[in-house]
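To start, the structure itself, in C-alpha cells.
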Amino acid sequence: MMSFLVGVAAGATPAGGDGPIPLTSVSDALLKAAPGDEIVIADGDWADVELKWHSPGFPVTVRAAHPGKVKISGKSQLRISGDSLSVSGLDFRHVAVPKGGVIEFRSGKEVANACRLTDCIIDSCNPSSRSVAGNYIVMHGRGNRVDHCSLTGKLNLGVTLLVNLNDARSLDNRHRIDHNYFGPRPVYGSNGAETMRIGTSQQSYESSRTIVENNLFDRCNGEVEIISVKSSDNVVRDNMFNECQGVVALRHGRRNRVTGNQFRGNSVPNTGGVRIVDAGHEVSGNTFDGLAGTRFFSALALMNSVPNSLPNRYVKVSDVNVHHNTFSNCTNIEFGTGRDMERTEAPSACSFNDNIIISTTVSNPYISIDPAAQVAMAGNRVNLSSDYSGAGFTTDRKLKAALVADPKAFRLTCGAARPAELSVSVTTHADTILLTPGVTCRNEPWLITRPTVMLGNGEAVLRWTGSKPGNFITICDGGSLKVEGVTFDFALQQGYATVRNAIATAPVMITSYTLDVENCRFINSPESGCCAIRGGKGTFAESISVNSSLFSDLSGNGIWLADETDDKGVYSADHIFIKDCSFSRMLGLPVSIYRGGSDESTAGPYVTISDCLFTDCCNKERGSVLRLIGPQKLYVTGCHFERSGRGGATIRLDETTWEDVRIKGCRWTDSGRVISNRNVIE
C-alpha cells in the first residue's frame with residue numbers, strides 16, 4: 001500500500017493532512033515506513049544538509065513531489081544505506097562536499113544493497129580548487145542501480161562515478177549503470193580525472209560484474225580513460241561515446257566485455273575507442289567512426305606489457321578476442337602499443353576476426369608497434385585507400401562507412417527527464433579595457449573574472465605603485481584574457497613595492513582559462529623571483545599564445561609554466577604557442593614548461609616555439625634558455641640563440657621515447673648545447 005507522509009515544506013504552513021514532507025524529515029519518515037511506502041519530498045531549496053537515508057530492509061521510494069524542484073546546494077551530501085531504497089527527482093547544483101562523494105551508496109559502516117538512484121541531476125558540484133579531489137557518485141554494496149541521471153559540469157580532480165570494491169560486501173556487486181547522461185568534462189591535465197572507474201588495481205582479479213549500458217558519454221575529455229575498468233567480469237555495452245578524447249580502458253582485470261557501443265569521433269584529436277591490458281577480454285559488435293587518436297588514444301590498442309609485471313603496471317595481454325567490429329575512418333588500430341624499455345612483452349594468443357575496416361586515407365588496416373605481437377587474423381574485410389590482401393584480410397570495394405546514431409537522438413533516452421544545462425549564466429561576449437597612451441600606475445591587480453580584451457595600441461605603459469607586491473593582471477575563475485599593445489614595466493618605483501608578475505593566475509581556481517598576448521613588452525624586472533607570464537600550481541590553461549612580444553632586461557623569468565613539480569604528469573597549460581618573440585638580457589629562464597613523471601593519462605602539453613630570437617639570455621651555470629620537460633608534442637623551429645645558455649644549455653629536454661619532439665631550422669651563435677635523451681635536431 002502506498003502512503004504519503006505528513007510534513008511541512010520549507011517556508012510553508014502545515015498541510016493539515018497527508019502530503020509532501022521537508023527534505024530534512026525523510027530520515028525520520030524512513031523509520032516509520034512500511035513495505036511499499038512512498039515518501040514524497042516538498043519543493044524547496046536546501047543548503048548545507050547532511051542527508052543519511054537508511055532503508056528498513058524492504059522496498060521504499062523517496063521522490064521529489066516535482067522532479068527538479070527539490071534543490072540541494074552548499075556543503076551537502078546524501079548517504080544511502082540499507083536494502084531496496086529508491087531515490088528520485090533530486091537536483092544537486094553547486095554542491096561542494098567536505099569529503100567523499102556528493103552521493104554515496106554507504107552511510108558509515110552500512111552499505112546499500114538493491115537500491116536505486118534515478119532521475120537526479122548533479123551539476124557543477126566542484127570545490128573552489130580544481131586540485132581538490134572529489135566524486136559525484138560512489139557505489140558500494142551489491143545490486144544497486146544508477147539510471148536516467150544527468151552528471152554534468154565536473155571540473156575538479158576525481159572520478160565522476162566510482163564503483164568501489166574495497167569491501168567484501170561490495171565484491172561481485174552486479175551493479176547496473178544505465179541510461180545516464182555524462183556531460184562534457186574538459187581536459188584536466190593529469191591522471192585521476194576519469195568519468196567512470198570500476199575498482200582499483202588492488203581488486204583487479206575480483207569479479208565486479210558491473211553492467212554499464214545505454215549511457216551517453218558526451219565530450220568526456222578529463223583524461224585518456226573515460227571508463228577505467230580495474231576489476232573482472234564487467235560488461236560495457238550499447239553506450240554512445242560522442243567526441244570523447246579518451247578510451248574505454250580495460251586497465252586491470254580479466255574477462256571484461258565491450259560490445260555494441262558506438263564511438264563517434266568526428267575527427268576530433270585524441271578521440272579513441274578501446275585500450276586493452278591483461279587477459280580474456282572480448283571486444284565485439286562495436287562501431288568506431290572518425291576516431292583521430294593515436295597510441296593510448298587509438299581506436300583499438302592492445303598494449304605491450306611488463307614482464308613479471310606488478311599488478312598496478314602492465315600485465316601481459318593474451319587471449320583477447322576482437323571480432324565483428326566496424327572501424328570507419330579511424331587513425332589507428334595498434335598491436336603492441338606502449339612498447340619501450342620497460343614494456344617489452346608483446347600481446348600473445350589474441351585474435352582479430354570478422355571485422356570491417358574502412359578508410360579513405362590509410363592503406364594498412366593496422367599497425368604492429370611490436371612486430372612480435374601474436375594476433376591471429378581471419379575473415380576481416382577492408383575498403384582502404386589502396387587494395388590490401390594481407391593474411392586474414394580481403395578488399396571489398398562495396399563496403400561503406402557505418403551509420404552512427406545522432407547523439408541528440410541518443411540523448412533523448414538518457415539522463416534526467418528535465419534539462420541538465422549548467423545553472424550558471426554563460427558569458428557570450430568579452431569586456432574591453434582601453435588603456436590610455438602613456439603611463440598608468442596600478443596599486444592593485446586587475447582581476448579578470450570574465451572574457452576580457454585589453455588594448456594598449458602600443459603606447460600604454462603599466463607601472464606598479466602598490467604598497468605590497470602584486471600582479472599587474474590576475475586571471476581568476478571565469479576569466480580569459482587577450483592583451484595587445486601594452487608595455488609592462490617592472491622598474492621599481494621609489495617608495496613602493498615590486499611587481500610580482502605581469503600576468504598570473506589566481507592562487508586557487510576551478511575553471512580553466514585562455515591567454516592571448518600580442519605585441520606586448522615586458523621590461524626592467526629588478527627581482528629574480530618575478531615572472532612576465534606565470535601559470536600557478538593547481539591552475540590550467542586551455543591555451544596560451546604569445547606572439548610578436550619583447551622580453552627584455554629581466555632578472556626574473558619570462559614565460560613560466562613550471563610550478564607543477566610533483567612528477568605525476570600534471571601540467572599547467574594544454575596548448576602553448578610562442579611565436580616571433582624576442583628575449584634579451586635575461587638572467588632567468590626565458591621559457592620554462594614542466595610536466596614531470598612518466599604518467600601517460602593525458603596527451604598534452606602541446607608546445608610550439610617558432611621564429612624567436614634569444615640574445616644574452618640565462619648564461620649562468622646550469623641555466624637554460626628553454627627548459628622544456630615533458631611536453632608530449634614539442635616543435636622548436638626557426639629560432640636563433642645568440643650568446644645564450646653558455647653556462648648550461650640553450651635547450652634542456654628530458655623527453656621519453658613516446659614524446660614527439662622536433663627541433664628544426666634553428667641557429668646557435670656563441671651559445672650553449674642542447675641537452676636531450678636522443679637526437680631531436682633536424
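We label chains A, B, ... in the order they appear in the C-alpha cells, count residues from 1 in each chain, and number ligands from 1 in the order shown.
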* With a distance cut-off of 9 Å and only C-alpha atoms, select the neighbouring residues of Asp289 of chain A, excluding the residue or stretch itself and same-chain residues fewer than 3 positions from it, and output the selection as a VMD selection string. => chain A and resid 262 to 267 299 326 to 330 401 to 404
Okay, now the selection with N, CA and C atoms, as an mmCIF file, in the first residue's frame?
```
data_model
loop_
_atom_site.group_PDB
_atom_site.id
_atom_site.type_symbol
_atom_site.label_atom_id
_atom_site.label_comp_id
_atom_site.auth_asym_id
_atom_site.auth_seq_id
_atom_site.Cartn_x
_atom_site.Cartn_y
_atom_site.Cartn_z
ATOM 1 N N GLN A 262 28.898 2.580 -29.597
ATOM 2 C CA GLN A 262 29.174 3.471 -30.713
ATOM 3 C C GLN A 262 30.171 4.535 -30.256
ATOM 4 N N PHE A 263 31.299 4.590 -30.947
ATOM 5 C CA PHE A 263 32.333 5.586 -30.657
ATOM 6 C C PHE A 263 32.353 6.569 -31.828
ATOM 7 N N ARG A 264 31.952 7.782 -31.564
ATOM 8 C CA ARG A 264 31.792 8.796 -32.623
ATOM 9 C C ARG A 264 32.804 9.910 -32.397
ATOM 10 N N GLY A 265 33.800 10.024 -33.303
ATOM 11 C CA GLY A 265 34.883 10.963 -33.072
ATOM 12 C C GLY A 265 34.810 12.261 -33.834
ATOM 13 N N ASN A 266 34.180 12.247 -35.031
ATOM 14 C CA ASN A 266 34.137 13.445 -35.876
ATOM 15 C C ASN A 266 35.523 14.021 -36.134
ATOM 16 N N SER A 267 36.545 13.173 -36.143
ATOM 17 C CA SER A 267 37.939 13.556 -36.399
ATOM 18 C C SER A 267 38.501 14.535 -35.370
ATOM 19 N N ALA A 299 41.850 3.948 -31.787
ATOM 20 C CA ALA A 299 40.545 3.297 -31.890
ATOM 21 C C ALA A 299 40.583 1.927 -31.234
ATOM 22 N N THR A 326 33.216 -2.632 -36.553
ATOM 23 C CA THR A 326 33.390 -1.814 -37.748
ATOM 24 C C THR A 326 34.195 -0.573 -37.391
ATOM 25 N N PHE A 327 35.281 -0.366 -38.140
ATOM 26 C CA PHE A 327 36.138 0.803 -37.955
ATOM 27 C C PHE A 327 36.041 1.661 -39.220
ATOM 28 N N SER A 328 35.478 2.859 -39.094
ATOM 29 C CA SER A 328 35.321 3.739 -40.246
ATOM 30 C C SER A 328 36.173 4.988 -40.061
ATOM 31 N N ASN A 329 37.129 5.186 -40.971
ATOM 32 C CA ASN A 329 37.943 6.408 -40.998
ATOM 33 C C ASN A 329 38.562 6.717 -39.635
ATOM 34 N N CYS A 330 39.165 5.701 -39.051
ATOM 35 C CA CYS A 330 39.899 5.861 -37.791
ATOM 36 C C CYS A 330 41.399 5.932 -38.081
ATOM 37 N N ALA A 401 30.967 3.256 -44.990
ATOM 38 C CA ALA A 401 31.119 3.627 -43.584
ATOM 39 C C ALA A 401 29.835 3.335 -42.814
ATOM 40 N N ALA A 402 30.003 2.870 -41.609
ATOM 41 C CA ALA A 402 28.849 2.528 -40.778
ATOM 42 C C ALA A 402 28.093 3.780 -40.359
ATOM 43 N N LEU A 403 26.801 3.619 -40.218
ATOM 44 C CA LEU A 403 25.982 4.714 -39.732
ATOM 45 C C LEU A 403 26.036 4.750 -38.202
ATOM 46 N N VAL A 404 26.280 5.939 -37.665
ATOM 47 C CA VAL A 404 26.331 6.122 -36.216
ATOM 48 C C VAL A 404 25.128 6.952 -35.810
#
```
* Within segment 366-483 of chain A, find each residue whose DSSP state, derived from the backbone, is strand (DSSP E), and express the selection as a ChimeraX atom specification. => /A:367-368,375-378,380-383,393-395,431-434,438-442,446-448,451-464,470-475,480-483
Give me a file of those residues, with C-alpha atoms, as a PDB file, in the first residue's frame.
```
ATOM      1  CA  ILE A 367      49.985  -1.049 -37.103  1.00  0.00           C
ATOM      2  CA  SER A 368      52.226  -3.526 -35.314  1.00  0.00           C
ATOM      3  CA  VAL A 375      47.358 -11.669 -33.249  1.00  0.00           C
ATOM      4  CA  ALA A 376      45.586 -14.215 -35.437  1.00  0.00           C
ATOM      5  CA  MET A 377      43.718 -12.601 -38.344  1.00  0.00           C
ATOM      6  CA  ALA A 378      40.758 -14.147 -40.154  1.00  0.00           C
ATOM      7  CA  ASN A 380      38.336  -9.332 -41.975  1.00  0.00           C
ATOM      8  CA  ARG A 381      37.102  -7.138 -44.842  1.00  0.00           C
ATOM      9  CA  VAL A 382      38.604  -3.783 -45.770  1.00  0.00           C
ATOM     10  CA  ASN A 383      37.993  -0.849 -48.089  1.00  0.00           C
ATOM     11  CA  PHE A 393      42.027  -9.648 -44.923  1.00  0.00           C
ATOM     12  CA  THR A 394      40.204  -9.191 -48.210  1.00  0.00           C
ATOM     13  CA  THR A 395      39.384  -5.966 -50.034  1.00  0.00           C
ATOM     14  CA  ASP A 431      34.650  43.100 -21.821  1.00  0.00           C
ATOM     15  CA  THR A 432      37.060  45.593 -23.369  1.00  0.00           C
ATOM     16  CA  ILE A 433      39.587  47.689 -21.447  1.00  0.00           C
ATOM     17  CA  LEU A 434      41.093  50.548 -23.457  1.00  0.00           C
ATOM     18  CA  GLY A 438      51.380  56.990 -21.554  1.00  0.00           C
ATOM     19  CA  VAL A 439      51.940  55.628 -18.042  1.00  0.00           C
ATOM     20  CA  THR A 440      49.171  54.093 -15.964  1.00  0.00           C
ATOM     21  CA  CYS A 441      50.073  53.296 -12.346  1.00  0.00           C
ATOM     22  CA  ARG A 442      48.438  50.356 -10.604  1.00  0.00           C
ATOM     23  CA  TRP A 446      43.282  43.888 -12.469  1.00  0.00           C
ATOM     24  CA  LEU A 447      41.145  40.875 -11.577  1.00  0.00           C
ATOM     25  CA  ILE A 448      39.971  39.192 -14.768  1.00  0.00           C
ATOM     26  CA  PRO A 451      36.418  37.108 -21.026  1.00  0.00           C
ATOM     27  CA  THR A 452      38.367  40.351 -21.398  1.00  0.00           C
ATOM     28  CA  VAL A 453      40.235  42.201 -24.138  1.00  0.00           C
ATOM     29  CA  MET A 454      42.839  44.771 -23.014  1.00  0.00           C
ATOM     30  CA  LEU A 455      44.129  47.136 -25.702  1.00  0.00           C
ATOM     31  CA  GLY A 456      47.078  49.490 -25.363  1.00  0.00           C
ATOM     32  CA  ASN A 457      47.725  50.340 -29.029  1.00  0.00           C
ATOM     33  CA  GLY A 458      51.476  50.084 -28.401  1.00  0.00           C
ATOM     34  CA  GLU A 459      51.514  53.325 -26.388  1.00  0.00           C
ATOM     35  CA  ALA A 460      50.242  52.248 -22.966  1.00  0.00           C
ATOM     36  CA  VAL A 461      52.721  51.580 -20.137  1.00  0.00           C
ATOM     37  CA  LEU A 462      51.828  49.940 -16.821  1.00  0.00           C
ATOM     38  CA  ARG A 463      53.860  50.545 -13.646  1.00  0.00           C
ATOM     39  CA  TRP A 464      53.341  49.340 -10.078  1.00  0.00           C
ATOM     40  CA  GLY A 470      51.272  42.092  -6.603  1.00  0.00           C
ATOM     41  CA  ASN A 471      50.475  41.255 -10.204  1.00  0.00           C
ATOM     42  CA  PHE A 472      49.566  43.752 -12.860  1.00  0.00           C
ATOM     43  CA  ILE A 473      46.883  41.293 -14.015  1.00  0.00           C
ATOM     44  CA  THR A 474      45.436  38.273 -12.204  1.00  0.00           C
ATOM     45  CA  ILE A 475      43.286  35.817 -14.156  1.00  0.00           C
ATOM     46  CA  SER A 480      40.166  34.678 -20.056  1.00  0.00           C
ATOM     47  CA  LEU A 481      42.331  37.433 -21.494  1.00  0.00           C
ATOM     48  CA  LYS A 482      43.561  38.870 -24.750  1.00  0.00           C
ATOM     49  CA  VAL A 483      46.064  41.679 -24.212  1.00  0.00           C
TER      50      VAL A 483
END
```
All residues 8 Å or closer to segment 49-54 of chain A, only C-alpha atoms, same chain fewer than 4 positions away omitted, as a PDB file with N, CA and C atoms, in the first residue's frame:
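What ended up in part26.pdb:
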```
ATOM      1  N   THR A  24      14.589  17.407   5.051  1.00  0.00           N
ATOM      2  CA  THR A  24      15.291  17.002   6.267  1.00  0.00           C
ATOM      3  C   THR A  24      14.473  16.078   7.168  1.00  0.00           C
ATOM      4  N   VAL A  26      13.069  13.271   5.900  1.00  0.00           N
ATOM      5  CA  VAL A  26      12.998  11.970   5.234  1.00  0.00           C
ATOM      6  C   VAL A  26      13.574  10.862   6.115  1.00  0.00           C
ATOM      7  N   SER A  27      14.702  11.122   6.774  1.00  0.00           N
ATOM      8  CA  SER A  27      15.322  10.065   7.579  1.00  0.00           C
ATOM      9  C   SER A  27      14.387   9.602   8.688  1.00  0.00           C
ATOM     10  N   LEU A  30      11.584   7.441   7.203  1.00  0.00           N
ATOM     11  CA  LEU A  30      12.006   6.080   6.865  1.00  0.00           C
ATOM     12  C   LEU A  30      11.897   5.144   8.062  1.00  0.00           C
ATOM     13  N   ILE A  72      19.291  21.179  -3.977  1.00  0.00           N
ATOM     14  CA  ILE A  72      20.243  20.987  -2.878  1.00  0.00           C
ATOM     15  C   ILE A  72      21.562  21.626  -3.275  1.00  0.00           C
ATOM     16  N   GLY A  74      25.364  23.986  -1.581  1.00  0.00           N
ATOM     17  CA  GLY A  74      26.246  24.217  -0.439  1.00  0.00           C
ATOM     18  C   GLY A  74      27.034  22.976  -0.051  1.00  0.00           C
ATOM     19  N   LYS A  75      27.384  22.878   1.212  1.00  0.00           N
ATOM     20  CA  LYS A  75      28.140  21.730   1.725  1.00  0.00           C
ATOM     21  C   LYS A  75      27.162  20.627   2.118  1.00  0.00           C
ATOM     22  N   SER A  76      26.600  20.018   1.077  1.00  0.00           N
ATOM     23  CA  SER A  76      25.570  18.997   1.271  1.00  0.00           C
ATOM     24  C   SER A  76      26.045  17.656   0.747  1.00  0.00           C
ATOM     25  N   GLN A  77      25.435  16.590   1.238  1.00  0.00           N
ATOM     26  CA  GLN A  77      25.754  15.260   0.748  1.00  0.00           C
ATOM     27  C   GLN A  77      24.613  14.325   1.096  1.00  0.00           C
ATOM     28  N   LEU A  78      24.500  13.251   0.308  1.00  0.00           N
ATOM     29  CA  LEU A  78      23.476  12.242   0.541  1.00  0.00           C
ATOM     30  C   LEU A  78      24.152  10.901   0.696  1.00  0.00           C
ATOM     31  N   ARG A  79      23.796  10.183   1.761  1.00  0.00           N
ATOM     32  CA  ARG A  79      24.290   8.839   2.007  1.00  0.00           C
ATOM     33  C   ARG A  79      23.094   7.888   2.055  1.00  0.00           C
ATOM     34  N   ILE A  80      23.133   6.857   1.192  1.00  0.00           N
ATOM     35  CA  ILE A  80      22.064   5.870   1.088  1.00  0.00           C
ATOM     36  C   ILE A  80      22.586   4.543   1.629  1.00  0.00           C
ATOM     37  N   SER A  81      21.820   3.880   2.487  1.00  0.00           N
ATOM     38  CA  SER A  81      22.220   2.573   3.010  1.00  0.00           C
ATOM     39  C   SER A  81      20.985   1.715   3.235  1.00  0.00           C
ATOM     40  N   GLY A  82      21.239   0.453   3.526  1.00  0.00           N
ATOM     41  CA  GLY A  82      20.126  -0.473   3.711  1.00  0.00           C
ATOM     42  C   GLY A  82      19.729  -1.142   2.408  1.00  0.00           C
ATOM     43  N   LEU A  85      15.944   0.701  -1.351  1.00  0.00           N
ATOM     44  CA  LEU A  85      15.504   2.090  -1.298  1.00  0.00           C
ATOM     45  C   LEU A  85      15.676   2.715  -2.678  1.00  0.00           C
ATOM     46  N   SER A 107      26.574   4.588   4.274  1.00  0.00           N
ATOM     47  CA  SER A 107      26.482   5.546   5.366  1.00  0.00           C
ATOM     48  C   SER A 107      27.189   4.953   6.577  1.00  0.00           C
TER      49      SER A 107
END
```
* So, counting only C-alpha atoms, which residue among A:Leu587, A:Ala372, A:Cys618, A:Val362 is closest to Arg646 of chain A? -> A:Cys618
* Determine, counting only C-alpha atoms, which protein, DNA and RNA residues have an atom within 8 Å of an atom of Arg585 of chain A; residues of the same chain fewer than 5 positions away are not included. Present the result as a PyMOL selection string. => chain A and resi 552-554+615-617
Could you dump the residues just selected with C-alpha atoms as a PDB file, in the first residue's frame?
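Written output follows (part_13.pdb):
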```pdb
ATOM      1  CA  SER A 552      63.998  42.416 -22.107  1.00  0.00           C
ATOM      2  CA  ASP A 553      66.181  43.372 -19.135  1.00  0.00           C
ATOM      3  CA  LEU A 554      64.565  40.872 -16.798  1.00  0.00           C
ATOM      4  CA  THR A 615      70.125  37.202 -27.053  1.00  0.00           C
ATOM      5  CA  ASP A 616      72.266  37.246 -23.887  1.00  0.00           C
ATOM      6  CA  CYS A 617      69.824  35.031 -22.012  1.00  0.00           C
TER       7      CYS A 617
END
```
* Proximity to Ser624 of chain A - best of A:Met586, A:Ile276, A:Met139, A:Val163, only C-alpha atoms ->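 Of A:Met586, A:Ile276, A:Met139, A:Val163, the one nearest Ser624 of chain A is A:Met586, counting only C-alpha atoms.
Put simply, atom CA of Thr152 of chain A is 15.5 Å away from atom CA of Val138 of chain A.
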* Identify, on the basis of only C-alpha atoms, every residue whose closest approach to Thr657 of chain A does not exceed 9 Å; exclude the query and any residue fewer than 3 positions from it along the same chain; express the result as a PyMOL selection string. => chain A and resi 340+660+677-678
* To do: If you run DSSP over the backbone, which residues in segment 147-340 of chain A end up helix (DSSP H, G or I)? Put them as a list of chain:residue names.
  =>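 Assigned to helix (DSSP H, G or I), within segment 147-340 of chain A: A:Ala168, A:Arg169, A:Ser170, A:Ser201, A:Gln202, A:Gln203, A:Arg295, A:Phe296, A:Phe297.
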Could those selected residues go to a file with N, CA and C atoms, as a PDB file, in the first residue's frame?
```pdb
ATOM      1  N   ALA A 168      34.480  -6.432   1.292  1.00  0.00           N
ATOM      2  CA  ALA A 168      33.998  -7.749   0.871  1.00  0.00           C
ATOM      3  C   ALA A 168      32.521  -7.715   0.496  1.00  0.00           C
ATOM      4  N   ARG A 169      31.762  -6.804   1.121  1.00  0.00           N
ATOM      5  CA  ARG A 169      30.331  -6.697   0.832  1.00  0.00           C
ATOM      6  C   ARG A 169      30.056  -6.038  -0.517  1.00  0.00           C
ATOM      7  N   SER A 170      31.119  -5.516  -1.178  1.00  0.00           N
ATOM      8  CA  SER A 170      30.954  -4.849  -2.466  1.00  0.00           C
ATOM      9  C   SER A 170      31.545  -5.644  -3.626  1.00  0.00           C
ATOM     10  N   SER A 201      43.552  -1.297  -8.981  1.00  0.00           N
ATOM     11  CA  SER A 201      44.485  -2.386  -9.294  1.00  0.00           C
ATOM     12  C   SER A 201      44.530  -3.432  -8.187  1.00  0.00           C
ATOM     13  N   GLN A 202      44.291  -3.013  -6.938  1.00  0.00           N
ATOM     14  CA  GLN A 202      44.312  -3.981  -5.838  1.00  0.00           C
ATOM     15  C   GLN A 202      43.182  -4.998  -5.951  1.00  0.00           C
ATOM     16  N   GLN A 203      42.068  -4.613  -6.601  1.00  0.00           N
ATOM     17  CA  GLN A 203      40.933  -5.535  -6.749  1.00  0.00           C
ATOM     18  C   GLN A 203      40.799  -6.058  -8.180  1.00  0.00           C
ATOM     19  N   ARG A 295      48.210   6.066 -30.456  1.00  0.00           N
ATOM     20  CA  ARG A 295      48.846   5.487 -29.281  1.00  0.00           C
ATOM     21  C   ARG A 295      47.811   5.129 -28.221  1.00  0.00           C
ATOM     22  N   PHE A 296      47.901   5.647 -27.000  1.00  0.00           N
ATOM     23  CA  PHE A 296      46.958   5.302 -25.941  1.00  0.00           C
ATOM     24  C   PHE A 296      45.531   5.738 -26.266  1.00  0.00           C
ATOM     25  N   PHE A 297      45.372   6.636 -27.226  1.00  0.00           N
ATOM     26  CA  PHE A 297      44.061   7.158 -27.629  1.00  0.00           C
ATOM     27  C   PHE A 297      43.565   6.495 -28.920  1.00  0.00           C
TER      28      PHE A 297
END
```
* Asked: Could you name the residues that touch Leu628 of chain A at 6 Å or less, counting only C-alpha atoms, but leaving out those on the same chain fewer than 4 positions away, as a ChimeraX atom specification?
  -> /A:592-593,653
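Interatomic distance, atom CA of His640 of chain A against atom CA of Cys612 of chain A: 6.5 Å.
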* Which residues, written as a list of chain:residue names, have at least one atom at most 8 Å from Tyr314 of chain A, with only C-alpha atoms counted and residues fewer than 6 positions away on the same chain left out? ->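 These residues fall inside the cut-off: A:Val277, A:Asp278, A:Met303, A:Asn304, A:Ser305, A:Val306, A:Arg343.
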* Give the answer as one residue: which of A:Ile544, A:Ala416, A:Ala279, A:Ile122 has the shortest atom-to-atom distance to Cys350 of chain A, using only C-alpha atoms? =>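 Smallest distance to Cys350 of chain A is found for A:Ala279.
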* Could you tell me how far atom CA of Ser204 of chain A lies from atom CA of Asp178 of chain A, in Å and to one decimal? =>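 Rounded to one decimal, the two atoms are 22.6 Å apart.
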* Asked: Quick one: of A:Pro469, A:Pro407, A:Pro35, A:Gly597, who's nearest to Glu527 of chain A, counting only C-alpha atoms?
  ->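 Closest candidate: A:Pro469.
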